[in-house]
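S.K.: Supplied structure: run_23.cif, mmCIF, N, CA and C atoms.
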```
data_start
loop_
_atom_site.label_atom_id
_atom_site.label_comp_id
_atom_site.auth_asym_id
_atom_site.auth_seq_id
_atom_site.Cartn_x
_atom_site.Cartn_y
_atom_site.Cartn_z
N MET A 1348 -66.68 56.53 82.36
CA MET A 1348 -66.40 55.14 82.02
C MET A 1348 -67.46 54.64 81.04
N ARG A 1349 -67.00 53.88 80.07
CA ARG A 1349 -67.90 53.24 79.09
C ARG A 1349 -67.81 51.74 79.29
N GLU A 1350 -68.93 51.08 79.06
CA GLU A 1350 -68.98 49.63 79.21
C GLU A 1350 -69.99 49.08 78.23
N ARG A 1351 -69.67 47.94 77.64
CA ARG A 1351 -70.61 47.26 76.75
C ARG A 1351 -70.46 45.76 76.96
N THR A 1352 -71.57 45.06 77.08
CA THR A 1352 -71.55 43.61 77.20
C THR A 1352 -72.10 43.02 75.91
N VAL A 1353 -71.35 42.07 75.36
CA VAL A 1353 -71.71 41.43 74.09
C VAL A 1353 -71.77 39.93 74.31
N THR A 1354 -72.85 39.31 73.86
CA THR A 1354 -72.93 37.85 73.83
C THR A 1354 -72.42 37.40 72.46
N VAL A 1355 -71.34 36.66 72.45
CA VAL A 1355 -70.70 36.24 71.21
C VAL A 1355 -71.52 35.12 70.58
N THR A 1356 -71.76 35.25 69.27
CA THR A 1356 -72.55 34.25 68.55
C THR A 1356 -71.73 33.63 67.41
N ARG A 1357 -72.15 32.47 66.97
CA ARG A 1357 -71.50 31.83 65.82
C ARG A 1357 -71.64 32.71 64.58
N ASP A 1358 -72.82 33.34 64.42
CA ASP A 1358 -73.01 34.22 63.27
C ASP A 1358 -72.03 35.39 63.30
N GLN A 1359 -71.79 35.95 64.47
CA GLN A 1359 -70.84 37.06 64.61
C GLN A 1359 -69.42 36.59 64.24
N ILE A 1360 -69.04 35.40 64.71
CA ILE A 1360 -67.72 34.85 64.39
C ILE A 1360 -67.60 34.61 62.89
N ALA A 1361 -68.64 34.05 62.28
CA ALA A 1361 -68.62 33.79 60.83
C ALA A 1361 -68.54 35.10 60.05
N ALA A 1362 -69.27 36.12 60.48
CA ALA A 1362 -69.24 37.42 59.80
C ALA A 1362 -67.85 38.04 59.90
N TYR A 1363 -67.21 37.91 61.07
CA TYR A 1363 -65.85 38.44 61.22
C TYR A 1363 -64.88 37.68 60.32
N ALA A 1364 -65.03 36.36 60.25
CA ALA A 1364 -64.16 35.56 59.37
C ALA A 1364 -64.30 36.03 57.93
N GLN A 1365 -65.52 36.26 57.50
CA GLN A 1365 -65.76 36.71 56.13
C GLN A 1365 -65.15 38.09 55.89
N ALA A 1366 -65.37 39.01 56.82
CA ALA A 1366 -64.87 40.38 56.66
C ALA A 1366 -63.35 40.46 56.72
N SER A 1367 -62.75 39.64 57.57
CA SER A 1367 -61.30 39.72 57.78
C SER A 1367 -60.50 38.82 56.84
N GLY A 1368 -61.17 37.83 56.29
CA GLY A 1368 -60.46 36.84 55.47
C GLY A 1368 -59.79 35.76 56.28
N ASP A 1369 -60.01 35.76 57.61
CA ASP A 1369 -59.41 34.75 58.49
C ASP A 1369 -60.39 33.58 58.63
N HIS A 1370 -60.21 32.58 57.78
CA HIS A 1370 -61.11 31.42 57.76
C HIS A 1370 -60.48 30.21 58.44
N ASN A 1371 -59.61 30.45 59.40
CA ASN A 1371 -58.99 29.35 60.14
C ASN A 1371 -60.11 28.48 60.71
N PRO A 1372 -60.06 27.17 60.49
CA PRO A 1372 -61.16 26.30 60.93
C PRO A 1372 -61.35 26.25 62.45
N ILE A 1373 -60.40 26.70 63.25
CA ILE A 1373 -60.63 26.72 64.70
C ILE A 1373 -61.73 27.72 65.06
N HIS A 1374 -62.04 28.63 64.14
CA HIS A 1374 -63.09 29.61 64.37
C HIS A 1374 -64.43 29.20 63.77
N LEU A 1375 -64.42 28.22 62.87
CA LEU A 1375 -65.62 27.93 62.08
C LEU A 1375 -66.09 26.48 62.11
N ASP A 1376 -65.20 25.56 62.41
CA ASP A 1376 -65.52 24.13 62.31
C ASP A 1376 -65.36 23.46 63.67
N GLU A 1377 -66.48 23.16 64.27
CA GLU A 1377 -66.51 22.58 65.62
C GLU A 1377 -65.67 21.30 65.70
N LYS A 1378 -65.86 20.41 64.74
CA LYS A 1378 -65.15 19.13 64.75
C LYS A 1378 -63.64 19.35 64.64
N PHE A 1379 -63.23 20.22 63.74
CA PHE A 1379 -61.80 20.51 63.59
C PHE A 1379 -61.24 21.11 64.86
N ALA A 1380 -61.93 22.09 65.43
CA ALA A 1380 -61.44 22.75 66.65
C ALA A 1380 -61.22 21.72 67.75
N ARG A 1381 -62.14 20.79 67.92
CA ARG A 1381 -61.98 19.75 68.94
C ARG A 1381 -60.81 18.83 68.61
N SER A 1382 -60.58 18.59 67.33
CA SER A 1382 -59.50 17.67 66.92
C SER A 1382 -58.12 18.22 67.25
N VAL A 1383 -58.02 19.53 67.42
CA VAL A 1383 -56.72 20.13 67.77
C VAL A 1383 -56.65 20.51 69.24
N GLY A 1384 -57.58 19.98 70.04
CA GLY A 1384 -57.50 20.13 71.48
C GLY A 1384 -58.26 21.30 72.07
N LEU A 1385 -59.02 22.00 71.26
CA LEU A 1385 -59.84 23.10 71.80
C LEU A 1385 -61.18 22.55 72.27
N PRO A 1386 -61.88 23.30 73.12
CA PRO A 1386 -63.18 22.83 73.60
C PRO A 1386 -64.29 22.99 72.56
N GLY A 1387 -63.97 23.55 71.42
CA GLY A 1387 -64.91 23.83 70.34
C GLY A 1387 -64.41 25.07 69.63
N VAL A 1388 -65.25 25.61 68.73
CA VAL A 1388 -64.81 26.81 68.01
C VAL A 1388 -64.59 27.96 68.99
N ILE A 1389 -63.65 28.83 68.62
CA ILE A 1389 -63.36 30.00 69.44
C ILE A 1389 -63.43 31.24 68.56
N ALA A 1390 -63.77 32.35 69.17
CA ALA A 1390 -63.83 33.62 68.45
C ALA A 1390 -62.42 34.14 68.17
N HIS A 1391 -62.29 34.92 67.14
CA HIS A 1391 -61.02 35.54 66.77
C HIS A 1391 -60.59 36.53 67.86
N GLY A 1392 -59.32 36.50 68.20
CA GLY A 1392 -58.79 37.48 69.15
C GLY A 1392 -58.95 38.90 68.64
N MET A 1393 -58.75 39.08 67.33
CA MET A 1393 -58.87 40.43 66.77
C MET A 1393 -60.32 40.92 66.77
N LEU A 1394 -61.28 40.02 66.76
CA LEU A 1394 -62.68 40.42 66.93
C LEU A 1394 -62.86 41.03 68.32
N GLN A 1395 -62.27 40.38 69.32
CA GLN A 1395 -62.36 40.90 70.69
C GLN A 1395 -61.67 42.26 70.80
N MET A 1396 -60.49 42.37 70.18
CA MET A 1396 -59.75 43.63 70.23
C MET A 1396 -60.54 44.74 69.52
N GLY A 1397 -61.18 44.42 68.42
CA GLY A 1397 -61.98 45.41 67.70
C GLY A 1397 -63.15 45.90 68.53
N LEU A 1398 -63.81 44.99 69.23
CA LEU A 1398 -64.92 45.41 70.10
C LEU A 1398 -64.41 46.29 71.24
N LEU A 1399 -63.26 45.92 71.80
CA LEU A 1399 -62.67 46.74 72.86
C LEU A 1399 -62.30 48.12 72.32
N ALA A 1400 -61.76 48.17 71.11
CA ALA A 1400 -61.38 49.44 70.50
C ALA A 1400 -62.60 50.34 70.30
N SER A 1401 -63.74 49.76 69.94
CA SER A 1401 -64.94 50.58 69.74
C SER A 1401 -65.40 51.21 71.06
N VAL A 1402 -65.25 50.50 72.16
CA VAL A 1402 -65.59 51.06 73.47
C VAL A 1402 -64.58 52.14 73.85
N ALA A 1403 -63.32 51.92 73.53
CA ALA A 1403 -62.28 52.93 73.80
C ALA A 1403 -62.57 54.22 73.04
N VAL A 1404 -62.97 54.10 71.79
CA VAL A 1404 -63.30 55.28 70.99
C VAL A 1404 -64.49 56.02 71.59
N GLU A 1405 -65.50 55.29 72.04
CA GLU A 1405 -66.65 55.94 72.69
C GLU A 1405 -66.20 56.75 73.91
N GLU A 1406 -65.33 56.17 74.72
CA GLU A 1406 -64.86 56.86 75.93
C GLU A 1406 -64.00 58.07 75.56
N ALA A 1407 -63.17 57.93 74.53
CA ALA A 1407 -62.30 59.04 74.11
C ALA A 1407 -63.10 60.16 73.45
N GLY A 1408 -64.24 59.82 72.86
CA GLY A 1408 -65.07 60.82 72.22
C GLY A 1408 -64.77 61.05 70.75
N ASP A 1409 -63.61 60.62 70.30
CA ASP A 1409 -63.20 60.83 68.91
C ASP A 1409 -62.03 59.90 68.64
N PRO A 1410 -62.07 59.10 67.57
CA PRO A 1410 -60.97 58.16 67.31
C PRO A 1410 -59.63 58.87 67.10
N ARG A 1411 -59.67 60.11 66.65
CA ARG A 1411 -58.41 60.84 66.41
C ARG A 1411 -57.69 61.18 67.71
N ARG A 1412 -58.37 61.07 68.83
CA ARG A 1412 -57.73 61.34 70.13
C ARG A 1412 -56.80 60.20 70.55
N LEU A 1413 -57.02 59.01 70.02
CA LEU A 1413 -56.22 57.85 70.42
C LEU A 1413 -55.03 57.66 69.50
N SER A 1414 -53.86 57.54 70.10
CA SER A 1414 -52.66 57.33 69.29
C SER A 1414 -52.16 55.89 69.35
N ARG A 1415 -52.61 55.14 70.35
CA ARG A 1415 -52.12 53.77 70.51
C ARG A 1415 -53.12 52.97 71.33
N LEU A 1416 -53.34 51.73 70.91
CA LEU A 1416 -54.17 50.80 71.66
C LEU A 1416 -53.42 49.49 71.71
N SER A 1417 -53.30 48.91 72.89
CA SER A 1417 -52.59 47.64 73.00
C SER A 1417 -53.31 46.72 73.97
N CYS A 1418 -53.12 45.43 73.77
CA CYS A 1418 -53.67 44.43 74.68
C CYS A 1418 -52.97 43.11 74.42
N ARG A 1419 -53.21 42.20 75.32
CA ARG A 1419 -52.67 40.83 75.20
C ARG A 1419 -53.87 39.90 75.16
N PHE A 1420 -53.86 38.94 74.24
CA PHE A 1420 -54.92 37.94 74.19
C PHE A 1420 -54.71 36.98 75.36
N ALA A 1421 -55.69 36.92 76.24
CA ALA A 1421 -55.49 36.21 77.50
C ALA A 1421 -56.39 35.00 77.72
N GLY A 1422 -57.44 34.87 76.94
CA GLY A 1422 -58.34 33.75 77.16
C GLY A 1422 -59.22 33.49 75.95
N MET A 1423 -59.68 32.26 75.85
CA MET A 1423 -60.54 31.89 74.72
C MET A 1423 -61.96 32.40 74.94
N VAL A 1424 -62.58 32.77 73.83
CA VAL A 1424 -63.98 33.21 73.83
C VAL A 1424 -64.75 32.23 72.96
N ARG A 1425 -65.79 31.67 73.53
CA ARG A 1425 -66.63 30.68 72.84
C ARG A 1425 -67.99 31.26 72.53
N PRO A 1426 -68.68 30.72 71.54
CA PRO A 1426 -70.04 31.15 71.29
C PRO A 1426 -70.87 31.01 72.57
N GLY A 1427 -71.67 32.03 72.85
CA GLY A 1427 -72.48 32.04 74.07
C GLY A 1427 -71.84 32.77 75.22
N ASP A 1428 -70.53 33.00 75.15
CA ASP A 1428 -69.87 33.77 76.22
C ASP A 1428 -70.36 35.21 76.19
N GLU A 1429 -70.50 35.80 77.37
CA GLU A 1429 -70.84 37.21 77.51
C GLU A 1429 -69.56 37.94 77.91
N ILE A 1430 -69.12 38.84 77.06
CA ILE A 1430 -67.89 39.57 77.31
C ILE A 1430 -68.24 41.02 77.62
N THR A 1431 -67.70 41.53 78.71
CA THR A 1431 -67.89 42.93 79.08
C THR A 1431 -66.61 43.68 78.77
N TYR A 1432 -66.75 44.68 77.90
CA TYR A 1432 -65.65 45.54 77.48
C TYR A 1432 -65.79 46.85 78.25
N ARG A 1433 -64.69 47.33 78.82
CA ARG A 1433 -64.73 48.53 79.66
C ARG A 1433 -63.57 49.45 79.33
N ALA A 1434 -63.84 50.75 79.29
CA ALA A 1434 -62.82 51.77 79.07
C ALA A 1434 -63.02 52.86 80.11
N GLU A 1435 -61.94 53.22 80.78
CA GLU A 1435 -61.99 54.25 81.83
C GLU A 1435 -60.78 55.16 81.69
N ALA A 1436 -61.04 56.46 81.71
CA ALA A 1436 -59.95 57.44 81.58
C ALA A 1436 -59.00 57.32 82.76
N ASN A 1437 -57.70 57.45 82.44
CA ASN A 1437 -56.66 57.56 83.47
C ASN A 1437 -55.61 58.54 82.96
N ASP A 1438 -54.50 58.64 83.60
CA ASP A 1438 -53.47 59.61 83.22
C ASP A 1438 -53.01 59.41 81.78
N GLY A 1439 -53.39 60.33 80.90
CA GLY A 1439 -52.91 60.32 79.53
C GLY A 1439 -53.49 59.26 78.63
N GLY A 1440 -54.56 58.61 79.05
CA GLY A 1440 -55.14 57.58 78.20
C GLY A 1440 -56.31 56.88 78.84
N LEU A 1441 -56.44 55.62 78.50
CA LEU A 1441 -57.56 54.82 78.97
C LEU A 1441 -57.06 53.50 79.53
N LYS A 1442 -57.67 53.09 80.61
CA LYS A 1442 -57.48 51.74 81.13
C LYS A 1442 -58.59 50.91 80.52
N LEU A 1443 -58.24 49.80 79.90
CA LEU A 1443 -59.21 48.97 79.18
C LEU A 1443 -59.26 47.58 79.78
N SER A 1444 -60.42 46.94 79.66
CA SER A 1444 -60.51 45.55 80.10
C SER A 1444 -61.60 44.83 79.30
N ALA A 1445 -61.47 43.51 79.24
CA ALA A 1445 -62.46 42.64 78.63
C ALA A 1445 -62.50 41.37 79.45
N VAL A 1446 -63.64 41.10 80.08
CA VAL A 1446 -63.79 39.92 80.93
C VAL A 1446 -65.04 39.15 80.53
N ASN A 1447 -64.98 37.84 80.74
CA ASN A 1447 -66.14 37.01 80.43
C ASN A 1447 -67.12 36.97 81.60
N GLN A 1448 -68.17 36.20 81.42
CA GLN A 1448 -69.23 36.11 82.41
C GLN A 1448 -68.76 35.53 83.75
N ASN A 1449 -67.59 34.92 83.77
CA ASN A 1449 -67.03 34.36 85.00
C ASN A 1449 -66.01 35.29 85.65
N GLY A 1450 -65.87 36.49 85.08
CA GLY A 1450 -64.90 37.45 85.61
C GLY A 1450 -63.47 37.20 85.18
N GLU A 1451 -63.27 36.31 84.20
CA GLU A 1451 -61.93 35.97 83.71
C GLU A 1451 -61.57 36.89 82.54
N ALA A 1452 -60.36 37.42 82.57
CA ALA A 1452 -59.90 38.29 81.49
C ALA A 1452 -59.76 37.51 80.19
N VAL A 1453 -60.31 38.05 79.12
CA VAL A 1453 -60.07 37.49 77.79
C VAL A 1453 -59.06 38.35 77.04
N LEU A 1454 -58.91 39.61 77.45
CA LEU A 1454 -57.85 40.49 77.01
C LEU A 1454 -57.24 41.08 78.27
N SER A 1455 -55.92 41.17 78.32
CA SER A 1455 -55.27 41.73 79.50
C SER A 1455 -54.23 42.77 79.08
N ARG A 1456 -53.66 43.42 80.07
CA ARG A 1456 -52.67 44.48 79.81
C ARG A 1456 -53.14 45.43 78.71
N ALA A 1457 -54.41 45.79 78.79
CA ALA A 1457 -55.05 46.60 77.74
C ALA A 1457 -55.04 48.07 78.13
N SER A 1458 -54.65 48.90 77.17
CA SER A 1458 -54.66 50.34 77.40
C SER A 1458 -54.70 51.08 76.08
N ALA A 1459 -55.05 52.34 76.16
CA ALA A 1459 -55.00 53.22 75.01
C ALA A 1459 -54.37 54.52 75.46
N LYS A 1460 -53.63 55.14 74.57
CA LYS A 1460 -52.93 56.41 74.88
C LYS A 1460 -53.53 57.53 74.06
N TYR A 1461 -53.52 58.72 74.66
CA TYR A 1461 -53.93 59.94 73.94
C TYR A 1461 -52.72 60.52 73.28
#
```
How would this structure read if it were set down as structure tokens?
M.R.:
Amino acid sequence: MRERTVTVTRDQIAAYAQASGDHNPIHLDEKFARSVGLPGVIAHGMLQMGLLASVAVEEAGDPRRLSRLSCRFAGMVRPGDEITYRAEANDGGLKLSAVNQNGEAVLSRASAKY
């Protein structure tokens, strides 16, 4: 089993926005995010999925071993949240999870296939 805990930062969110081209203000502008009913800026779901994928690759030992990775975006991630990404081998693939510091899933129904 592989596990990594990451504390999400505003700088990390901004770097992902720059790299991905996703400059949606809900990820970058606190005032705008609140104006649309969010508790503040939130991290990109695909940033979370990418971090989970990196843990899956570590567990698989080689990215070429994985043929499919899937998950459902299940919860908001805010700056300062600590997310634990976990990958564990099971029949024909990996069972994956991503939970915040409160034990709440931020990604669910996550798995990877060999």
S.K.: Tell me, in Å to one decimal, how far atom C of Glu1429 of chain A is from atom C of Arg1411 of chain A.
M.R.: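 Answer for the atom C of Glu1429 of chain A to atom C of Arg1411 of chain A separation: 28.0 Å.
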S.K.: Do you know which residues the PyMOL selection byres (((chain A and resi 1354 and name CA) around 6) and name CA) returns on this file, as a list in words?
M.R.: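 After applying the PyMOL selection byres (((chain A and resi 1354 and name CA) around 6) and name CA), what remains is Val1353, Val1355, Gly1427, Asp1428 and Glu1429 of chain A.
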S.K.: Could you work out how far atom CA of Ile1389 of chain A lies from atom CA of Pro1372 of chain A, giving the answer in Å with one decimal?
M.R.: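 Atom-to-atom, atom CA of Pro1372 of chain A to atom CA of Ile1389 of chain A, that is 9.5 Å.
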S.K.: Residues proximal to (-58.7, 62.0, 71.9) were defined as those with any atom within 10 Å of that point in the file's coordinates, counting only C-alpha atoms. Which are they, as an mmCIF file with N, CA and C atoms, keeping the file's coordinate frame?
M.R.:
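Saved to part_8.cif:
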```cif
data_model
loop_
_atom_site.group_PDB
_atom_site.id
_atom_site.type_symbol
_atom_site.label_atom_id
_atom_site.label_comp_id
_atom_site.auth_asym_id
_atom_site.auth_seq_id
_atom_site.Cartn_x
_atom_site.Cartn_y
_atom_site.Cartn_z
ATOM 1 N N ALA A 1403 -63.320 51.920 73.530
ATOM 2 C CA ALA A 1403 -62.280 52.930 73.800
ATOM 3 C C ALA A 1403 -62.570 54.220 73.040
ATOM 4 N N VAL A 1404 -62.970 54.100 71.790
ATOM 5 C CA VAL A 1404 -63.300 55.280 70.990
ATOM 6 C C VAL A 1404 -64.490 56.020 71.590
ATOM 7 N N GLU A 1406 -65.330 56.170 74.720
ATOM 8 C CA GLU A 1406 -64.860 56.860 75.930
ATOM 9 C C GLU A 1406 -64.000 58.070 75.560
ATOM 10 N N ALA A 1407 -63.170 57.930 74.530
ATOM 11 C CA ALA A 1407 -62.300 59.040 74.110
ATOM 12 C C ALA A 1407 -63.100 60.160 73.450
ATOM 13 N N GLY A 1408 -64.240 59.820 72.860
ATOM 14 C CA GLY A 1408 -65.070 60.820 72.220
ATOM 15 C C GLY A 1408 -64.770 61.050 70.750
ATOM 16 N N ASP A 1409 -63.610 60.620 70.300
ATOM 17 C CA ASP A 1409 -63.200 60.830 68.910
ATOM 18 C C ASP A 1409 -62.030 59.900 68.640
ATOM 19 N N PRO A 1410 -62.070 59.100 67.570
ATOM 20 C CA PRO A 1410 -60.970 58.160 67.310
ATOM 21 C C PRO A 1410 -59.630 58.870 67.100
ATOM 22 N N ARG A 1411 -59.670 60.110 66.650
ATOM 23 C CA ARG A 1411 -58.410 60.840 66.410
ATOM 24 C C ARG A 1411 -57.690 61.180 67.710
ATOM 25 N N ARG A 1412 -58.370 61.070 68.830
ATOM 26 C CA ARG A 1412 -57.730 61.340 70.130
ATOM 27 C C ARG A 1412 -56.800 60.200 70.550
ATOM 28 N N LEU A 1413 -57.020 59.010 70.020
ATOM 29 C CA LEU A 1413 -56.220 57.850 70.420
ATOM 30 C C LEU A 1413 -55.030 57.660 69.500
ATOM 31 N N SER A 1414 -53.860 57.540 70.100
ATOM 32 C CA SER A 1414 -52.660 57.330 69.290
ATOM 33 C C SER A 1414 -52.160 55.890 69.350
ATOM 34 N N GLY A 1439 -53.390 60.330 80.900
ATOM 35 C CA GLY A 1439 -52.910 60.320 79.530
ATOM 36 C C GLY A 1439 -53.490 59.260 78.630
ATOM 37 N N GLY A 1440 -54.560 58.610 79.050
ATOM 38 C CA GLY A 1440 -55.140 57.580 78.200
ATOM 39 C C GLY A 1440 -56.310 56.880 78.840
ATOM 40 N N LYS A 1460 -53.630 55.140 74.570
ATOM 41 C CA LYS A 1460 -52.930 56.410 74.880
ATOM 42 C C LYS A 1460 -53.530 57.530 74.060
ATOM 43 N N TYR A 1461 -53.520 58.720 74.660
ATOM 44 C CA TYR A 1461 -53.930 59.940 73.940
ATOM 45 C C TYR A 1461 -52.720 60.520 73.280
#
```
S.K.: Taking the DSSP assignment computed from this structure's backbone, write out as a PyMOL selection string all residues of segment 1368-1441 of chain A that belong to strand (DSSP E or B).
M.R.: chain A and resi 1415-1420+1429-1437+1440-1441
S.K.: If I take atom N of Ala1390 of chain A and atom C of Gly1368 of chain A, how far is one from the other in Å, to one decimal?
M.R.: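 We find that atom N of Ala1390 of chain A and atom C of Gly1368 of chain A lie 13.9 Å from each other.
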S.K.: Using only C-alpha atoms, can you tell me which of A:Val1388, A:Ala1457, A:Ala1452, A:Ile1430 comes closest to Arg1415 of chain A?
M.R.: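 Nearest to Arg1415 of chain A: A:Ala1457.
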S.K.: Counting only C-alpha atoms, which of A:Leu1394, A:Gly1450, A:Pro1426, A:Cys1418 gets nearest to Gln1365 of chain A?
M.R.: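 With only C-alpha atoms as the atom set, the closest residue is A:Leu1394.
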S.K.: Nearest to Val1402 of chain A: which of A:Leu1375, A:Ala1366, A:Ala1361, A:Ala1459 is it, counting only C-alpha atoms?
M.R.: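 Among A:Leu1375, A:Ala1366, A:Ala1361, A:Ala1459, it is A:Ala1459 that comes nearest to Val1402 of chain A.
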S.K.: Let me make sure I understand: among A:Ala1445, A:Ala1400, A:Ala1434, A:Met1393, which one has the smallest atom-to-atom distance to Asp1369 of chain A if we use only C-alpha atoms?
M.R.: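 Comparing A:Ala1445, A:Ala1400, A:Ala1434, A:Met1393 against Asp1369 of chain A, the winner is A:Met1393.
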S.K.: Using the chain letters and numbers from this document, which residues of segment 1363-1392 of chain A does DSSP assign to helix (DSSP H, G or I), as a list in words?
M.R.: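 So the helix (DSSP H, G or I) residues in segment 1363-1392 of chain A would be Tyr1363, Ala1364, Gln1365, Ala1366, Ser1367, Glu1377, Lys1378, Phe1379, Ala1380, Arg1381, Ser1382 and Gly1392 of chain A.
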S.K.: Around segment 1373-1386 of chain A, fit a box with edges along x, y and z, padding it by 6 Å on each side, then list its centre and edge lengths in Å to one decimal as JSON.
M.R.:
```
{"center_x": -61.6, "center_y": 23.6, "center_z": 67.8, "size_x": 21.9, "size_y": 23.9, "size_z": 23.5}
```
S.K.: Do you know which residues the PyMOL selection byres (((chain A and resi 1453 and name CA) around 9) and name CA) returns on this file, as a PyMOL selection string?
M.R.: chain A and resi 1392+1395+1419-1424+1430+1444-1447+1451-1452+1454-1455
S.K.: When you look at Lys1378 of chain A with a cut-off of 7 Å (counting only N, CA and C atoms), what residues show up, excluding the ones that are within fewer than 4 positions of it in the same chain? I need them as a VMD selection string.
M.R.: chain A and resid 1382 to 1383 1387 to 1388
S.K.: For the PyMOL selection byres ((chain A and resi 1350) around 6), applied here, can you spell out every residue it catches as a PDB file with N, CA and C atoms, keeping the file's coordinate frame?
M.R.:
```pdb
ATOM      1  N   MET A1348     -66.680  56.530  82.360  1.00  0.00           N
ATOM      2  CA  MET A1348     -66.400  55.140  82.020  1.00  0.00           C
ATOM      3  C   MET A1348     -67.460  54.640  81.040  1.00  0.00           C
ATOM      4  N   ARG A1349     -67.000  53.880  80.070  1.00  0.00           N
ATOM      5  CA  ARG A1349     -67.900  53.240  79.090  1.00  0.00           C
ATOM      6  C   ARG A1349     -67.810  51.740  79.290  1.00  0.00           C
ATOM      7  N   ARG A1351     -69.670  47.940  77.640  1.00  0.00           N
ATOM      8  CA  ARG A1351     -70.610  47.260  76.750  1.00  0.00           C
ATOM      9  C   ARG A1351     -70.460  45.760  76.960  1.00  0.00           C
ATOM     10  N   THR A1352     -71.570  45.060  77.080  1.00  0.00           N
ATOM     11  CA  THR A1352     -71.550  43.610  77.200  1.00  0.00           C
ATOM     12  C   THR A1352     -72.100  43.020  75.910  1.00  0.00           C
ATOM     13  N   TYR A1432     -66.750  44.680  77.900  1.00  0.00           N
ATOM     14  CA  TYR A1432     -65.650  45.540  77.480  1.00  0.00           C
ATOM     15  C   TYR A1432     -65.790  46.850  78.250  1.00  0.00           C
ATOM     16  N   ARG A1433     -64.690  47.330  78.820  1.00  0.00           N
ATOM     17  CA  ARG A1433     -64.730  48.530  79.660  1.00  0.00           C
ATOM     18  C   ARG A1433     -63.570  49.450  79.330  1.00  0.00           C
ATOM     19  N   ALA A1434     -63.840  50.750  79.290  1.00  0.00           N
ATOM     20  CA  ALA A1434     -62.820  51.770  79.070  1.00  0.00           C
ATOM     21  C   ALA A1434     -63.020  52.860  80.110  1.00  0.00           C
TER      22      ALA A1434
END
```
